[in-house]
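What follows is run.txt (compact mmCIF, C-alpha atoms and all ligand atoms).
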# COMPACT_ATOMS: atom_id res chain seq x y z
CA MET E 814 0.00 0.00 0.00
CA GLU E 815 1.56 3.29 -1.11
CA PHE E 816 -1.04 5.87 -0.11
CA ILE E 817 -2.70 4.37 2.96
CA LYS E 818 -1.64 2.71 6.22
CA VAL E 819 -3.66 -0.19 7.57
CA THR E 820 -3.57 -1.37 11.18
CA PRO E 821 -5.92 -4.36 11.59
CA GLN E 822 -5.81 -4.25 15.42
CA ALA E 823 -5.41 -0.54 16.22
CA ARG E 824 -7.58 -1.32 19.24
CA PRO E 825 -9.04 -4.71 20.20
CA GLN E 826 -11.28 -5.74 17.27
CA VAL E 827 -11.04 -2.27 15.76
CA ALA E 828 -9.06 -1.64 12.57
CA LEU E 829 -7.68 1.68 11.37
CA ILE E 830 -7.14 2.86 7.79
CA GLU E 831 -5.15 6.10 7.48
CA LEU E 832 -5.08 8.04 4.23
CA ASN E 833 -1.44 8.90 3.77
CA ARG E 834 -0.74 11.40 0.97
CA PRO E 835 0.08 14.32 3.25
CA LYS E 836 1.74 16.65 0.73
CA GLU E 837 -1.38 16.56 -1.46
CA LEU E 838 -3.77 16.86 1.51
CA ASN E 839 -4.83 13.26 0.87
CA ALA E 840 -6.19 14.09 -2.58
CA LEU E 841 -7.95 10.95 -3.72
CA ASN E 842 -6.24 9.59 -6.81
CA LEU E 843 -7.45 6.34 -8.31
CA GLN E 844 -4.71 4.23 -6.74
CA LEU E 845 -5.48 5.56 -3.26
CA MET E 846 -9.16 4.75 -3.73
CA GLN E 847 -8.30 1.26 -4.98
CA GLU E 848 -6.11 0.73 -1.92
CA VAL E 849 -8.93 1.84 0.39
CA ALA E 850 -11.36 -0.52 -1.34
CA ALA E 851 -8.90 -3.44 -1.13
CA ALA E 852 -8.17 -2.74 2.55
CA LEU E 853 -11.87 -2.57 3.41
CA LYS E 854 -12.49 -5.88 1.63
CA ALA E 855 -9.61 -7.55 3.52
CA LEU E 856 -10.82 -6.16 6.87
CA ASP E 857 -14.39 -7.22 6.07
CA ASP E 858 -13.05 -10.76 5.58
CA ASN E 859 -10.96 -10.67 8.78
CA ASP E 860 -12.82 -12.31 11.69
CA GLU E 861 -10.65 -10.51 14.25
CA VAL E 862 -12.03 -7.15 13.10
CA ARG E 863 -15.50 -5.92 14.06
CA VAL E 864 -15.42 -2.18 13.34
CA ILE E 865 -13.28 -0.09 10.97
CA VAL E 866 -12.16 3.53 11.46
CA LEU E 867 -11.08 5.55 8.42
CA THR E 868 -9.08 8.71 8.99
CA GLY E 869 -6.76 11.21 7.31
CA SER E 870 -4.40 13.65 9.00
CA GLU E 871 -5.10 16.47 11.42
CA ARG E 872 -4.84 19.00 8.55
CA ALA E 873 -6.89 17.10 6.01
CA PHE E 874 -9.19 14.12 5.95
CA ALA E 875 -9.09 14.53 2.16
CA ALA E 876 -9.19 17.66 -0.03
CA GLY E 877 -11.11 15.90 -2.77
CA ALA E 878 -10.44 13.85 -5.85
CA ASP E 879 -7.04 14.52 -7.38
CA ILE E 880 -7.66 17.56 -9.59
CA LYS E 881 -4.25 17.23 -11.26
CA GLN E 882 -5.08 13.65 -12.28
CA MET E 883 -8.48 14.70 -13.67
CA ALA E 884 -7.63 18.06 -15.24
CA ASN E 885 -7.03 16.91 -18.82
CA ARG E 886 -9.44 14.01 -18.93
CA THR E 887 -12.27 13.80 -21.44
CA ALA E 888 -15.71 12.42 -20.61
CA ILE E 889 -14.74 9.20 -22.35
CA ASP E 890 -11.51 8.94 -20.31
CA MET E 891 -13.66 9.28 -17.17
CA LEU E 892 -16.05 6.65 -18.49
CA ILE E 893 -13.24 4.21 -19.22
CA VAL E 894 -11.46 4.78 -15.90
CA ASP E 895 -14.86 4.15 -14.25
CA GLN E 896 -14.06 5.22 -10.72
CA PHE E 897 -17.59 4.40 -9.66
CA THR E 898 -16.74 0.73 -9.38
CA VAL E 899 -14.24 1.42 -6.64
CA TRP E 900 -16.63 3.80 -4.80
CA ASP E 901 -19.34 1.13 -5.01
CA GLN E 902 -16.97 -1.41 -3.45
CA ILE E 903 -16.36 0.97 -0.53
CA ARG E 904 -20.09 1.54 -0.10
CA LYS E 905 -20.65 -2.21 0.15
CA THR E 906 -18.46 -2.65 3.26
CA LYS E 907 -20.39 -4.91 5.62
CA LYS E 908 -18.80 -3.94 8.93
CA PRO E 909 -19.56 -0.65 10.66
CA LEU E 910 -17.28 2.04 9.21
CA ILE E 911 -16.55 5.26 11.12
CA ALA E 912 -14.87 8.30 9.55
CA ALA E 913 -12.64 10.26 11.94
CA VAL E 914 -12.41 13.65 10.24
CA SER E 915 -10.14 16.61 10.96
CA GLY E 916 -9.38 19.57 8.70
CA PHE E 917 -10.52 19.55 5.09
CA ALA E 918 -13.22 17.12 3.98
CA LEU E 919 -13.90 18.59 0.57
CA GLY E 920 -15.42 17.28 -2.64
CA GLY E 921 -14.64 13.57 -2.86
CA GLY E 922 -13.29 13.85 0.72
CA CYS E 923 -16.69 14.93 2.02
CA GLU E 924 -18.30 12.24 -0.13
CA LEU E 925 -15.94 9.60 1.24
CA ALA E 926 -16.78 10.62 4.83
CA MET E 927 -20.49 10.47 3.98
CA THR E 928 -20.03 6.99 2.48
CA CYS E 929 -19.01 5.87 5.97
CA ASP E 930 -21.71 4.94 8.49
CA MET E 931 -20.86 7.57 11.09
CA ILE E 932 -18.62 10.63 11.33
CA VAL E 933 -16.63 11.82 14.34
CA ALA E 934 -15.24 15.29 13.64
CA SER E 935 -12.59 17.47 15.20
CA GLU E 936 -13.41 21.12 15.89
CA THR E 937 -11.25 22.08 12.90
CA ALA E 938 -13.11 19.88 10.42
CA GLN E 939 -14.79 21.57 7.49
CA PHE E 940 -17.13 19.84 5.08
CA GLY E 941 -17.79 21.12 1.60
CA GLN E 942 -18.56 20.35 -2.02
CA PRO E 943 -16.42 22.93 -3.84
CA GLU E 944 -16.54 21.22 -7.26
CA ILE E 945 -18.60 24.09 -8.70
CA LYS E 946 -15.57 26.38 -8.26
CA ILE E 947 -13.58 24.25 -10.71
CA GLY E 948 -16.38 24.00 -13.25
CA VAL E 949 -17.85 20.65 -12.35
CA MET E 950 -20.26 19.27 -9.74
CA PRO E 951 -20.21 16.48 -7.14
CA GLY E 952 -19.87 13.05 -8.71
CA ALA E 953 -19.68 10.53 -5.87
CA GLY E 954 -22.87 11.12 -3.90
CA GLY E 955 -22.49 14.78 -2.90
CA THR E 956 -25.84 15.87 -4.28
CA GLN E 957 -27.59 12.79 -2.85
CA ARG E 958 -26.08 11.89 0.53
CA LEU E 959 -25.48 15.49 1.56
CA THR E 960 -29.08 16.41 0.73
CA ARG E 961 -30.39 13.47 2.74
CA ALA E 962 -28.14 14.41 5.68
CA VAL E 963 -28.54 18.19 5.88
CA GLY E 964 -31.71 18.87 3.89
CA LYS E 965 -32.36 20.51 0.55
CA VAL E 966 -31.73 24.19 1.21
CA ARG E 967 -28.43 23.76 3.01
CA ALA E 968 -27.18 21.17 0.50
CA MET E 969 -28.22 23.42 -2.36
CA GLU E 970 -26.25 26.33 -0.89
CA MET E 971 -23.16 24.19 -0.30
CA VAL E 972 -23.24 22.63 -3.78
CA LEU E 973 -24.04 25.86 -5.65
CA THR E 974 -21.66 28.19 -3.81
CA GLY E 975 -18.95 25.67 -2.98
CA GLN E 976 -18.70 27.18 0.52
CA PRO E 977 -17.88 24.64 3.24
CA ILE E 978 -19.53 24.39 6.63
CA ARG E 979 -17.66 24.16 9.93
CA ALA E 980 -17.82 21.19 12.25
CA ASP E 981 -20.29 22.82 14.67
CA GLU E 982 -22.67 23.60 11.82
CA ALA E 983 -22.24 20.07 10.46
CA LEU E 984 -23.22 18.78 13.89
CA ARG E 985 -26.33 20.96 14.06
CA ALA E 986 -27.26 19.89 10.53
CA GLY E 987 -27.00 16.18 11.36
CA LEU E 988 -24.04 15.48 9.09
CA VAL E 989 -21.75 14.30 11.89
CA ASN E 990 -22.26 12.33 15.08
CA ARG E 991 -20.07 14.42 17.37
CA VAL E 992 -17.44 17.13 17.45
CA VAL E 993 -14.49 17.02 19.83
CA PRO E 994 -11.27 19.02 20.35
CA VAL E 995 -8.69 18.37 17.68
CA GLY E 996 -6.44 16.27 19.91
CA GLN E 997 -9.25 13.84 20.62
CA TYR E 998 -11.08 13.03 17.41
CA LEU E 999 -9.31 9.75 16.70
CA GLU E 1000 -9.62 8.55 20.30
CA GLU E 1001 -13.31 9.49 20.26
CA ALA E 1002 -13.77 7.49 17.04
CA PHE E 1003 -12.04 4.53 18.70
CA ARG E 1004 -14.31 4.91 21.73
CA LEU E 1005 -17.38 4.81 19.51
CA ALA E 1006 -15.92 1.85 17.58
CA ALA E 1007 -15.17 -0.05 20.82
CA SER E 1008 -18.74 0.37 22.04
CA ILE E 1009 -20.01 -1.15 18.77
CA ALA E 1010 -17.35 -3.89 18.77
CA GLU E 1011 -18.86 -5.18 22.04
CA MET E 1012 -22.14 -5.94 20.27
CA SER E 1013 -23.06 -8.99 18.22
CA PRO E 1014 -21.31 -8.65 14.84
CA VAL E 1015 -24.16 -10.57 13.23
CA ALA E 1016 -26.76 -8.17 14.62
CA ALA E 1017 -24.56 -5.16 13.73
CA ARG E 1018 -24.25 -6.28 10.13
CA LEU E 1019 -27.98 -6.88 9.74
CA ALA E 1020 -28.84 -3.63 11.51
CA LYS E 1021 -26.45 -1.65 9.28
CA GLU E 1022 -28.00 -3.18 6.18
CA SER E 1023 -31.45 -2.32 7.47
CA VAL E 1024 -30.66 1.34 8.29
CA ASN E 1025 -29.08 1.77 4.86
CA ARG E 1026 -32.18 0.28 3.29
CA ALA E 1027 -34.17 3.24 4.63
CA PHE E 1028 -32.43 5.41 2.03
CA GLU E 1029 -33.10 3.08 -0.84
CA THR E 1030 -36.74 2.13 -0.55
CA HIS E 1031 -40.20 3.13 0.61
CA LEU E 1032 -41.41 2.54 4.16
CA ASP E 1033 -43.43 -0.62 3.59
CA GLU E 1034 -40.58 -2.43 1.82
CA GLY E 1035 -38.09 -1.11 4.40
CA LEU E 1036 -40.16 -2.41 7.30
CA HIS E 1037 -40.46 -5.77 5.55
CA PHE E 1038 -36.68 -5.91 5.07
CA GLU E 1039 -36.14 -4.97 8.74
CA ARG E 1040 -38.55 -7.68 9.92
CA LYS E 1041 -36.74 -10.40 7.94
CA ASN E 1042 -33.39 -9.31 9.36
CA PHE E 1043 -34.87 -9.21 12.85
CA TYR E 1044 -36.07 -12.81 12.47
CA LEU E 1045 -32.64 -13.76 11.11
CA THR E 1046 -30.92 -12.58 14.30
CA PHE E 1047 -32.79 -15.43 16.05
CA ALA E 1048 -30.76 -17.88 13.95
CA SER E 1049 -27.56 -16.65 15.62
CA GLU E 1050 -25.79 -17.99 18.70
CA ASP E 1051 -25.31 -14.33 19.63
CA GLN E 1052 -29.06 -13.90 20.12
CA LYS E 1053 -29.11 -16.85 22.55
CA GLU E 1054 -26.03 -15.51 24.34
CA GLY E 1055 -27.33 -11.93 24.50
CA MET E 1056 -30.68 -12.86 25.97
CA ALA E 1057 -29.22 -15.50 28.32
CA ALA E 1058 -26.70 -12.96 29.59
CA PHE E 1059 -29.50 -10.48 30.29
CA VAL E 1060 -31.47 -13.09 32.25
CA GLU E 1061 -28.35 -14.22 34.15
CA LYS E 1062 -27.35 -10.59 34.86
CA ARG E 1063 -23.91 -10.86 33.24
CA LYS E 1064 -22.11 -9.29 30.30
CA PRO E 1065 -22.67 -11.11 27.00
CA ASP E 1066 -19.76 -12.63 25.13
CA PHE E 1067 -20.66 -12.34 21.45
CA LYS E 1068 -18.82 -14.56 18.99
CA GLY E 1069 -20.24 -13.35 15.69
CA ARG E 1070 -21.94 -16.67 15.00
N1 LIG I 1 -6.18 17.55 -5.93
C1 LIG I 1 -4.86 17.61 -6.15
N2 LIG I 1 -4.01 18.30 -5.35
C2 LIG I 1 -4.53 18.95 -4.30
C3 LIG I 1 -5.91 18.94 -4.02
C4 LIG I 1 -6.76 18.18 -4.89
N3 LIG I 1 -8.07 18.06 -4.66
N4 LIG I 1 -6.12 19.69 -2.92
C5 LIG I 1 -4.92 20.14 -2.54
N5 LIG I 1 -3.95 19.70 -3.36
C6 LIG I 1 -2.52 19.97 -3.30
C7 LIG I 1 -2.22 21.42 -3.75
O1 LIG I 1 -2.16 21.49 -5.16
C8 LIG I 1 -0.88 21.64 -3.09
O2 LIG I 1 0.10 20.99 -3.87
P1 LIG I 1 1.48 21.75 -4.32
O3 LIG I 1 1.02 22.98 -5.01
O4 LIG I 1 2.16 22.03 -3.00
O5 LIG I 1 2.19 20.76 -5.17
C9 LIG I 1 -1.00 20.90 -1.78
O6 LIG I 1 -2.06 19.95 -1.96
C10 LIG I 1 -1.38 21.79 -0.61
O7 LIG I 1 -2.53 22.52 -0.98
P2 LIG I 1 -2.61 24.13 -0.89
O8 LIG I 1 -1.27 24.75 -1.04
O9 LIG I 1 -3.68 24.56 -1.81
O10 LIG I 1 -3.06 24.31 0.63
P3 LIG I 1 -3.97 25.46 1.26
O11 LIG I 1 -3.95 25.23 2.74
O12 LIG I 1 -3.58 26.81 0.74
O13 LIG I 1 -5.45 25.19 0.71
C11 LIG I 1 -7.37 23.78 0.20
C12 LIG I 1 -6.10 24.00 1.06
C13 LIG I 1 -7.95 22.41 0.54
C14 LIG I 1 -8.39 24.87 0.52
C15 LIG I 1 -6.98 23.89 -1.31
O14 LIG I 1 -5.88 23.02 -1.56
C16 LIG I 1 -8.09 23.49 -2.23
O15 LIG I 1 -8.98 24.28 -2.50
N6 LIG I 1 -8.04 22.26 -2.75
C17 LIG I 1 -9.00 21.79 -3.74
C18 LIG I 1 -10.31 21.44 -3.10
C19 LIG I 1 -11.31 20.96 -4.14
O16 LIG I 1 -11.67 21.70 -5.08
N7 LIG I 1 -11.78 19.73 -3.97
C20 LIG I 1 -12.73 19.13 -4.91
C21 LIG I 1 -12.00 18.43 -6.03
S1 LIG I 1 -13.12 17.69 -7.21
C22 LIG I 1 -15.94 10.70 -8.79
C23 LIG I 1 -15.55 10.60 -7.48
C24 LIG I 1 -15.17 11.76 -6.78
C25 LIG I 1 -15.16 12.98 -7.43
C26 LIG I 1 -15.57 13.07 -8.73
C27 LIG I 1 -15.94 11.93 -9.43
N8 LIG I 1 -16.33 9.55 -9.53
C28 LIG I 1 -16.58 8.32 -8.80
C29 LIG I 1 -16.41 9.54 -10.96
C30 LIG I 1 -14.70 14.13 -6.69
C31 LIG I 1 -14.34 15.29 -7.25
C32 LIG I 1 -13.64 16.27 -6.42
O17 LIG I 1 -13.39 16.08 -5.26

What is this file in structure tokens?
Amino acid sequence: MEFIKVTPQARPQVALIELNRPKELNALNLQLMQEVAAALKALDDNDEVRVIVLTGSERAFAAGADIKQMANRTAIDMLIVDQFTVWDQIRKTKKPLIAAVSGFALGGGCELAMTCDMIVASETAQFGQPEIKIGVMPGAGGTQRLTRAVGKVRAMEMVLTGQPIRADEALRAGLVNRVVPVGQYLEEAFRLAASIAEMSPVAARLAKESVNRAFETHLDEGLHFERKNFYLTFASEDQKEGMAAFVEKRKPDFKGR
């Protein structure tokens, strides 16, 4: 891996992926995105890992797709490179994925954070879709996920003016889970990850799928999907363990089976 660092056990059962192109503010070139997708797939397949944290540096989570790589491309070049495949792979991660964001999360950087399941931000984080300033528009979910997260009028302003919002505004708008001082954002993300890693991995996977379904379907179909996944949890040893532990007044020991 040239542009990322992967630590499968950064904390017990919690893996860390660090974007590592500091001079370019973690600009997302195709190779970096392919490395992230490959790392997520490997961690998804690793039974020792229950939750994944994705972070950048204190100065920049990621300042967007690599403008220098894209500058001279034609529409057909973009079509042939087909970066969507790699973004789709990232979106299909089965384990809970938390973005720990500090500094710039712009363009593709904001979209990458929003592709994660939750966002822990430092006070210095800023989220924006500045593509309009370079003559294009968001291409990896910025008009869709941002609108769902912060609502139409705020998303419209961000996408049409390119102006970012600060972490506190992102918190008020419902884009991020929490904002903490800059020295603490990664630890806070690990804390959140650890609290999820204690749960049944089977239930977490089915619950994640079900929450995501809410964005892809209408209520009746979503409730049906949720119900099936709820029944499915009763096929797991973790359900027996979780309920037995409650009755016996002890802490459950979930195995992910
Ligand atoms: N691409 C390439 N290099 C970048 C970059 C980027 N997005 N952002 C920063 N850099 C580089 C700068 O060029 C500079 O390199 P050198 O000049 O030193 O070689 C270095 O990082 C440090 O940046 P600055 O000197 O500019 O640092 P400042 O603190 O002055 O400013 C900044 C920081 C983040 C405000 C500024 O760098 C900036 O405005 N960056 C561009 C932000 C931006 O416009 N982002 C959106 C890019 S478009 C898709 C998937 C995704 C996308 C599209 C399609 N598909 C699946 C098809 C996404 C598109 C985008 O994100």

Check your understanding: Near E:Asn990, counting only C-alpha atoms, which residues have an atom at most 12 Å away, once you skip same-chain residues fewer than 5 positions from it, shown as a PyMOL selection string?
Key -> chain E and resi 911-914+926-927+929-935+962+980-985+998+1001-1002+1005

Check your understanding: If you count all atoms listed in the file, which residues end up within 7 Å of ligand LIG 1 (chain I), as a list of chain:residue names?
Key -> E:Lys836, E:Glu837, E:Leu838, E:Ala840, E:Ala876, E:Gly877, E:Ala878, E:Asp879, E:Ile880, E:Lys881, E:Met891, E:Asp895, E:Gln896, E:Phe897, E:Trp900, E:Phe917, E:Leu919, E:Gly920, E:Gly921, E:Gly922, E:Gln942, E:Pro943, E:Glu944, E:Lys946, E:Ile947, E:Pro951, E:Gly952, E:Ala953

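Take atom CA of E:Ala1058 and atom CA of E:Leu1045: the distance between them is 19.4 Å.
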
Point to revise | Spatial neighbours of E:Leu959, 10 Å, all atoms listed in the file, chain gap at least 2 places, as a PyMOL selection string | key: chain E and resi 923-924+927+941-942+954-957+961-965+967-969+971-972+987-988

C-alpha atoms of the current selection, written as a PDB file, in the coordinates of the input:
ATOM      1  CA  CYS E 923     -16.690  14.930   2.020  1.00  0.00           C
ATOM      2  CA  GLU E 924     -18.300  12.240  -0.130  1.00  0.00           C
ATOM      3  CA  MET E 927     -20.490  10.470   3.980  1.00  0.00           C
ATOM      4  CA  GLY E 941     -17.790  21.120   1.600  1.00  0.00           C
ATOM      5  CA  GLN E 942     -18.560  20.350  -2.020  1.00  0.00           C
ATOM      6  CA  GLY E 954     -22.870  11.120  -3.900  1.00  0.00           C
ATOM      7  CA  GLY E 955     -22.490  14.780  -2.900  1.00  0.00           C
ATOM      8  CA  THR E 956     -25.840  15.870  -4.280  1.00  0.00           C
ATOM      9  CA  GLN E 957     -27.590  12.790  -2.850  1.00  0.00           C
ATOM     10  CA  ARG E 961     -30.390  13.470   2.740  1.00  0.00           C
ATOM     11  CA  ALA E 962     -28.140  14.410   5.680  1.00  0.00           C
ATOM     12  CA  VAL E 963     -28.540  18.190   5.880  1.00  0.00           C
ATOM     13  CA  GLY E 964     -31.710  18.870   3.890  1.00  0.00           C
ATOM     14  CA  LYS E 965     -32.360  20.510   0.550  1.00  0.00           C
ATOM     15  CA  ARG E 967     -28.430  23.760   3.010  1.00  0.00           C
ATOM     16  CA  ALA E 968     -27.180  21.170   0.500  1.00  0.00           C
ATOM     17  CA  MET E 969     -28.220  23.420  -2.360  1.00  0.00           C
ATOM     18  CA  MET E 971     -23.160  24.190  -0.300  1.00  0.00           C
ATOM     19  CA  VAL E 972     -23.240  22.630  -3.780  1.00  0.00           C
ATOM     20  CA  GLY E 987     -27.000  16.180  11.360  1.00  0.00           C
ATOM     21  CA  LEU E 988     -24.040  15.480   9.090  1.00  0.00           C
TER      22      LEU E 988
END

Practice item. Would you mind telling me which residue in E:Ser1013, E:Asn833, E:Gln1052, E:Gln826 lies nearest to E:Thr868 when using only C-alpha atoms? Key: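 Of the candidates, the smallest distance to E:Thr868 is held by E:Asn833.
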
Review point. Residues at most 9 Å from stretch 1022-1029 of chain E, counting only C-alpha atoms, excluding those fewer than 2 positions away in the same chain, as a list in words?
Key: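 Residues near the query, excluding close chain neighbours: Lys907, Asp930, Arg961, Ala1017, Arg1018, Leu1019, Ala1020, His1031, Leu1032, Glu1034, Gly1035, Leu1036, Phe1038, Glu1039 and Asn1042 of chain E.
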
Point to revise | Separation of atom CA of E:Pro1014 from atom CA of E:His1037, in Å and rounded to one decimal | key: 21.5 Å

Practice item. To one decimal in Å, tell me the separation between atom CA of E:Met883 and atom CA of E:Gln844. Key: 13.1 Å

Review point. Near E:Arg872, counting all atoms listed in the file, which residues have an atom at most 9 Å away, once you skip same-chain residues fewer than 3 positions from it, shown as number ranges by chain?
Key: E: 835, 838, 869, 875, 915-917, 937-938

Point to revise | Nearest-residue call for E:Ala884, choices E:Val949, E:Val899, E:Ala852, E:Leu867, using only C-alpha atoms | key: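 Of the candidates, the smallest distance to E:Ala884 is held by E:Val949.
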
Check your understanding: Which one is closest to E:Glu871: E:Val995, E:Leu925, E:Ala823, E:Met814? Count only C-alpha atoms.
Key ->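 For E:Glu871, the nearest of the given residues is E:Val995.
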